[in-house]
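model05.cif (mmCIF, C-alpha atoms and all ligand atoms)
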data_final
loop_
_atom_site.label_atom_id
_atom_site.label_comp_id
_atom_site.auth_asym_id
_atom_site.auth_seq_id
_atom_site.Cartn_x
_atom_site.Cartn_y
_atom_site.Cartn_z
CA MET A 570 -16.39 12.62 -6.68
CA LYS A 571 -20.05 12.11 -5.88
CA PRO A 572 -21.04 9.95 -2.89
CA SER A 573 -22.89 7.70 -5.35
CA GLU A 574 -19.60 6.96 -7.17
CA LEU A 575 -17.94 5.92 -3.94
CA SER A 576 -20.84 3.67 -3.06
CA LYS A 577 -20.57 2.12 -6.52
CA LEU A 578 -16.91 1.33 -5.91
CA ARG A 579 -17.81 -0.12 -2.53
CA LYS A 580 -20.31 -2.47 -4.16
CA GLU A 581 -17.77 -3.46 -6.80
CA MET A 582 -15.23 -4.33 -4.10
CA SER A 583 -17.78 -6.42 -2.21
CA LYS A 584 -18.12 -8.48 -5.41
CA VAL A 585 -14.42 -9.12 -6.04
CA GLN A 586 -13.19 -9.52 -2.46
CA ASP A 587 -13.91 -12.10 0.22
CA GLY A 588 -15.50 -10.92 3.48
CA LYS A 589 -12.31 -10.30 5.46
CA ARG A 590 -10.59 -8.49 2.61
CA TYR A 591 -13.66 -6.32 2.05
CA GLU A 592 -13.74 -5.37 5.75
CA HIS A 593 -10.05 -4.45 5.46
CA THR A 594 -10.77 -2.38 2.35
CA LEU A 595 -13.46 -0.33 4.09
CA ALA A 596 -11.23 0.14 7.12
CA VAL A 597 -8.33 1.37 4.97
CA ALA A 598 -10.61 3.80 3.11
CA TYR A 599 -11.94 5.37 6.33
CA THR A 600 -8.58 5.38 8.08
CA ALA A 601 -7.12 7.10 5.01
CA ALA A 602 -9.92 9.69 5.09
CA ASN A 603 -9.07 10.51 8.71
CA LEU A 604 -5.36 10.81 7.92
CA ALA A 605 -6.30 13.03 4.96
CA ALA A 606 -8.30 15.34 7.24
CA CYS A 607 -5.37 15.51 9.63
CA HIS A 608 -2.66 16.16 7.05
CA GLY A 609 -4.53 18.29 4.49
CA GLU A 610 -5.21 15.82 1.69
CA LYS A 611 -8.43 15.58 -0.32
CA ALA A 612 -10.80 13.23 1.50
CA ASP A 613 -12.35 11.87 -1.70
CA HIS A 614 -8.94 10.95 -3.13
CA ALA A 615 -8.10 9.11 0.09
CA LEU A 616 -11.45 7.30 0.04
CA VAL A 617 -11.16 6.20 -3.60
CA ALA A 618 -7.53 5.12 -3.27
CA GLY A 619 -8.30 3.26 -0.03
CA MET A 620 -11.35 1.60 -1.52
CA LEU A 621 -9.41 0.37 -4.58
CA HIS A 622 -5.93 -0.27 -3.17
CA ASP A 623 -6.48 -4.05 -2.93
CA CYS A 624 -8.86 -4.40 -5.89
CA ALA A 625 -6.54 -7.04 -7.40
CA LYS A 626 -5.72 -8.82 -4.13
CA CYS A 627 -8.09 -11.72 -4.67
CA LEU A 628 -6.94 -12.53 -8.22
CA PRO A 629 -4.88 -15.67 -8.80
CA GLU A 630 -1.12 -15.17 -9.19
CA LYS A 631 -1.26 -16.28 -12.82
CA LYS A 632 -3.74 -13.53 -13.56
CA LEU A 633 -1.60 -10.90 -11.79
CA LEU A 634 1.40 -11.95 -13.87
CA SER A 635 -0.56 -11.92 -17.10
CA ILE A 636 -1.99 -8.43 -16.45
CA CYS A 637 1.46 -7.02 -15.70
CA GLU A 638 3.12 -8.78 -18.63
CA LYS A 639 0.42 -7.66 -21.03
CA GLN A 640 0.90 -4.05 -19.93
CA HIS A 641 4.67 -4.41 -20.38
CA MET A 642 5.25 -3.54 -16.74
CA GLN A 643 8.70 -4.24 -15.34
CA ILE A 644 8.56 -7.35 -13.19
CA SER A 645 11.48 -7.87 -10.83
CA LYS A 646 12.93 -11.27 -9.97
CA GLU A 647 11.46 -10.89 -6.47
CA GLU A 648 8.04 -10.34 -8.02
CA TYR A 649 8.46 -13.45 -10.16
CA LYS A 650 9.29 -15.34 -6.97
CA LYS A 651 6.34 -13.85 -5.12
CA PRO A 652 3.74 -12.78 -7.71
CA SER A 653 1.27 -11.72 -5.01
CA LEU A 654 3.41 -8.58 -4.67
CA LEU A 655 2.03 -7.64 -8.10
CA HIS A 656 -1.49 -7.05 -6.72
CA ALA A 657 -0.49 -3.42 -6.20
CA LYS A 658 0.70 -2.81 -9.78
CA ALA A 659 -2.10 -4.86 -11.32
CA GLY A 660 -4.57 -3.09 -9.02
CA SER A 661 -3.43 0.29 -10.23
CA TYR A 662 -3.98 -0.82 -13.82
CA LEU A 663 -7.47 -2.15 -13.02
CA ALA A 664 -8.34 1.02 -11.10
CA GLY A 665 -7.84 2.93 -14.34
CA LYS A 666 -9.23 0.43 -16.78
CA LYS A 667 -12.11 -1.19 -14.93
CA TYR A 668 -12.99 1.38 -12.28
CA HIS A 669 -12.34 4.48 -14.41
CA VAL A 670 -9.96 6.32 -12.12
CA SER A 671 -7.86 8.84 -14.03
CA ASP A 672 -6.14 10.77 -11.24
CA ARG A 673 -2.42 9.96 -11.42
CA ASP A 674 -1.84 10.42 -7.69
CA ILE A 675 -4.61 7.95 -6.80
CA LEU A 676 -3.24 5.42 -9.31
CA ASN A 677 0.27 5.86 -7.88
CA ALA A 678 -1.01 5.39 -4.33
CA ILE A 679 -2.49 2.04 -5.37
CA HIS A 680 0.60 1.12 -7.39
CA ASN A 681 3.01 1.74 -4.52
CA HIS A 682 0.96 0.70 -1.50
CA THR A 683 2.85 -2.53 -0.74
CA THR A 684 6.50 -1.50 -1.02
CA GLY A 685 6.20 2.27 -0.84
CA ARG A 686 8.68 4.25 -2.94
CA PRO A 687 11.30 6.88 -2.20
CA GLY A 688 9.69 10.34 -2.27
CA MET A 689 6.05 9.32 -1.92
CA SER A 690 3.35 11.97 -2.33
CA LEU A 691 1.15 12.80 0.66
CA LEU A 692 -1.63 10.57 -0.67
CA GLU A 693 0.77 7.68 -1.31
CA LYS A 694 2.02 7.89 2.29
CA ILE A 695 -1.54 8.07 3.62
CA ILE A 696 -2.54 4.86 1.81
CA PHE A 697 0.71 3.10 2.71
CA VAL A 698 0.19 3.92 6.39
CA ALA A 699 -3.59 3.37 6.48
CA ASP A 700 -3.10 -0.09 4.96
CA TYR A 701 -0.82 -1.05 7.83
CA MET A 702 -2.62 0.57 10.76
CA GLU A 703 -6.35 0.16 10.04
CA PRO A 704 -8.15 -0.98 13.20
CA GLY A 705 -8.59 -4.57 12.00
CA ARG A 706 -4.82 -5.13 11.93
CA ARG A 707 -3.69 -6.79 15.12
CA GLN A 708 -0.50 -8.76 14.46
CA ALA A 709 2.23 -6.21 13.92
CA PRO A 710 4.47 -4.95 16.72
CA ARG A 711 4.43 -1.24 17.68
CA LEU A 712 0.95 -0.80 16.20
CA GLU A 713 -0.14 1.54 18.98
CA GLN A 714 2.94 3.68 18.52
CA ILE A 715 2.50 3.69 14.76
CA ARG A 716 -1.19 4.68 15.03
CA ARG A 717 -0.36 7.59 17.33
CA THR A 718 2.60 8.69 15.22
CA ALA A 719 0.62 8.63 11.96
CA PHE A 720 -1.43 11.65 13.05
CA VAL A 721 1.58 13.61 14.24
CA ASP A 722 4.46 12.75 11.88
CA LEU A 723 3.45 10.80 8.80
CA ASP A 724 7.02 10.31 7.51
CA ARG A 725 8.03 8.87 10.87
CA ALA A 726 5.10 6.43 10.68
CA VAL A 727 6.25 5.37 7.19
CA LEU A 728 9.75 4.72 8.57
CA LEU A 729 8.48 2.71 11.56
CA ILE A 730 6.34 0.57 9.26
CA LEU A 731 9.18 -0.12 6.84
CA GLU A 732 11.53 -0.97 9.67
CA ASP A 733 9.06 -3.48 11.14
CA THR A 734 8.16 -4.89 7.72
CA LEU A 735 11.81 -5.46 6.80
CA ASN A 736 12.50 -7.09 10.17
CA TYR A 737 9.53 -9.35 9.69
CA LEU A 738 10.56 -10.27 6.13
CA GLN A 739 14.12 -11.00 7.22
CA ASP A 740 12.98 -13.14 10.14
CA SER A 741 10.67 -15.12 7.88
CA ASP A 742 13.29 -15.48 5.13
CA SER A 743 11.05 -13.83 2.56
CA VAL A 744 12.24 -12.27 -0.66
CA ILE A 745 12.76 -8.55 -0.21
CA GLU A 746 11.81 -6.33 -3.10
CA LYS A 747 14.45 -3.69 -3.82
CA THR A 748 11.88 -0.91 -3.67
CA THR A 749 10.96 -1.81 -0.08
CA GLN A 750 14.62 -1.58 0.94
CA ASP A 751 15.20 1.62 -1.06
CA THR A 752 12.13 3.24 0.46
CA TYR A 753 13.30 2.37 3.96
CA GLU A 754 16.72 3.86 3.28
CA TYR A 755 15.23 7.00 1.75
CA TYR A 756 13.03 7.74 4.79
CA ARG A 757 15.75 6.81 7.25
CA GLU A 758 18.10 9.22 5.53
CA ARG A 759 15.42 11.95 5.53
CA LEU A 760 14.55 11.58 9.17
CA GLU A 761 17.78 10.50 10.73
CA GLY A 762 20.35 11.83 8.32
CA GLY A 763 21.67 8.38 7.62
CA ALA A 764 22.65 7.57 11.20
CA SER A 765 21.91 3.90 11.38
CA PRO A 766 23.15 0.52 12.35
CA ALA A 767 25.60 0.61 9.42
CA GLY A 768 25.50 -2.20 6.93
CA THR A 769 22.94 -4.17 8.83
CA ARG A 770 20.64 -4.33 5.85
O1 LIG B 801 -2.48 -6.40 0.68
P1 LIG B 801 -2.37 -6.24 2.17
O2 LIG B 801 -2.19 -7.55 2.87
O3 LIG B 801 -3.46 -5.44 2.77
O4 LIG B 801 -1.04 -5.39 2.47
P2 LIG B 801 0.21 -5.15 1.50
O5 LIG B 801 -0.22 -4.84 0.13
O6 LIG B 801 1.08 -4.14 2.20
O7 LIG B 801 0.94 -6.52 1.50
C1 LIG B 801 1.36 -6.95 2.76
C2 LIG B 801 2.47 -7.89 2.70
O8 LIG B 801 3.44 -7.48 1.75
C3 LIG B 801 3.14 -7.93 4.06
O9 LIG B 801 3.11 -9.26 4.53
C4 LIG B 801 4.52 -7.44 3.81
C5 LIG B 801 4.66 -7.76 2.34
N1 LIG B 801 5.75 -7.03 1.69
C6 LIG B 801 6.02 -5.72 1.61
N2 LIG B 801 7.20 -5.54 0.99
C7 LIG B 801 7.64 -6.79 0.67
C8 LIG B 801 6.71 -7.72 1.11
N3 LIG B 801 6.85 -9.07 0.95
C9 LIG B 801 7.96 -9.50 0.37
N4 LIG B 801 8.13 -10.80 0.22
N5 LIG B 801 8.92 -8.63 -0.09
C10 LIG B 801 8.81 -7.28 0.04
O10 LIG B 801 9.71 -6.53 -0.36
FE FE B 802 -2.24 -4.77 -0.60
FE FE B 803 -4.39 -3.73 1.98
#

structure tokens encoding of this file:
Amino acid sequence: MKPSELSKLRKEMSKVQDGKRYEHTLAVAYTAANLAACHGEKADHALVAGMLHDCAKCLPEKKLLSICEKQHMQISKEEYKKPSLLHAKAGSYLAGKKYHVSDRDILNAIHNHTTGRPGMSLLEKIIFVADYMEPGRRQAPRLEQIRRTAFVDLDRAVLLILEDTLNYLQDSDSVIEKTTQDTYEYYRERLEGGASPAGTR
């Protein structure tokens, strides 16, 4: 990955994203690069995945649905109810097709950045966490704790994020995608051996 290729992607993102989203994109890319340095991941993979993770975020819902349907991707009933969730899957497709990314791990990191998935790769976890903790994010609870934890115990940071996300979604009566729930349970099991407030979710 040459620096010129990254700067090309940056320019592309500035064209397809509004100002705030573009700021977020840059922040995710650089946060991911720092997490990569800390945890032993390739910096250029983190930068490219971070730069492209929301490349489909500003597309209309109809377009997201049509991209995913055309590619014969599985669309869950939750995704039909909330098509904006599809920006991750559609983004992964566009990263390959429009932005010429071929690395499977980078494409997966984009594909899974919203819900996570059980058994994420190091890069997938880095993007999932960077997306949530980049310095421009201010709303979420426990952000300070999550930011500190991310450099010490990445799996723990993933778990904290999923826990807070699910609480937020439940409180706001949002549809919960099965993968988000499954990912939470997978990391809870891994880190806490299943000890949990049984049957609460
Ligand atoms: O695209 P971003 O805003 O940078 O971040 P993102 O791709 O993680 O999307 C963030 C939103 O996605 C956040 O408000 C939580 C939400 N989300 C994650 N899992 C689910 C979900 N929303 C619903 N409705 N259901 C889910 O399972
Ligand atoms: Fe996103
Ligand atoms: Fe994002």

Ligand LIG 801 (chain B): axis-aligned bounding box, 6 Å on each side, centre and edge lengths in Å, one decimal, as lines of an AutoDock Vina configuration file:
center_x = 3.1
center_y = -7.5
center_z = 2.1
size_x = 25.2
size_y = 18.7
size_z = 16.9

List all protein, DNA and RNA residues that have at least one atom no more than 10 Å from any atom of ligand LIG 801 (chain B), counting only C-alpha atoms and all ligand atoms, and write them as a PyMOL selection string. chain A and resi 590+593-594+597+622-627+647-648+650-657+679-685+696-701+703+706+709+730-731+733-735+737-739+741-751

Counting only C-alpha atoms, the option among A:Leu728, A:Ala606, A:Cys637, A:Leu663 closest to Leu760 in chain A: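 Among the listed residues, the smallest separation from Leu760 in chain A belongs to A:Leu728.
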
Between A:Val727, A:Leu691, A:Leu712, A:Ala659, single out the one closest to ligand FE 802 (chain B), counting all atoms listed in the file.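 That would be A:Ala659, the residue with the smallest distance to ligand FE 802 (chain B).
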
Please, what distance in Å, to one decimal, runs between CA of Leu692 in chain A and CA of Ala678 in chain A?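 For CA of Leu692 in chain A relative to CA of Ala678 in chain A, the distance reads 6.4 Å.
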
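Of the residues listed (A:Arg673, A:Arg707, A:Arg686, A:Lys658), A:Lys658 shows the shortest atom-to-atom separation from ligand FE 802 (chain B); distances use all atoms listed in the file.
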
One decimal, in Å: what's the spacing between CA of Leu616 in chain A and atom FE of ligand FE 803 (chain B)?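 Separation of CA of Leu616 in chain A and atom FE of ligand FE 803 (chain B): 13.2 Å.
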
When you look at range 720-724 of chain A with a cut-off of 10 Å (counting only C-alpha atoms), what residues show up, excluding the ones that are within fewer than 2 positions of it in the same chain? I need them as a list in words.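 The filter keeps Asn603, Leu604, Ala605, Ala606, Cys607, His608, Met689, Leu691, Lys694, Ile695, Val698, Ile715, Arg716, Arg717, Thr718, Ala726, Val727, Leu728, Leu729, Ile730, Tyr756, Arg757, Arg759 and Leu760 of chain A.
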
Would you please work out which residue, of A:Gln714, A:Thr752, A:Ser661, A:Thr600, is nearest to ligand FE 802 (chain B) when using all atoms listed in the file? A:Ser661

One decimal place gives the CA of Ser583 in chain A-CA of Pro704 in chain A separation as 19.0 Å

Check the smallest atom-to-atom distance from each of A:Ala618, A:Glu713, A:Lys639, A:Lys631 to ligand FE 802 (chain B) using all atoms listed in the file, then report the winner.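 Answer, going by the shortest atom-to-atom distance: A:Ala618.
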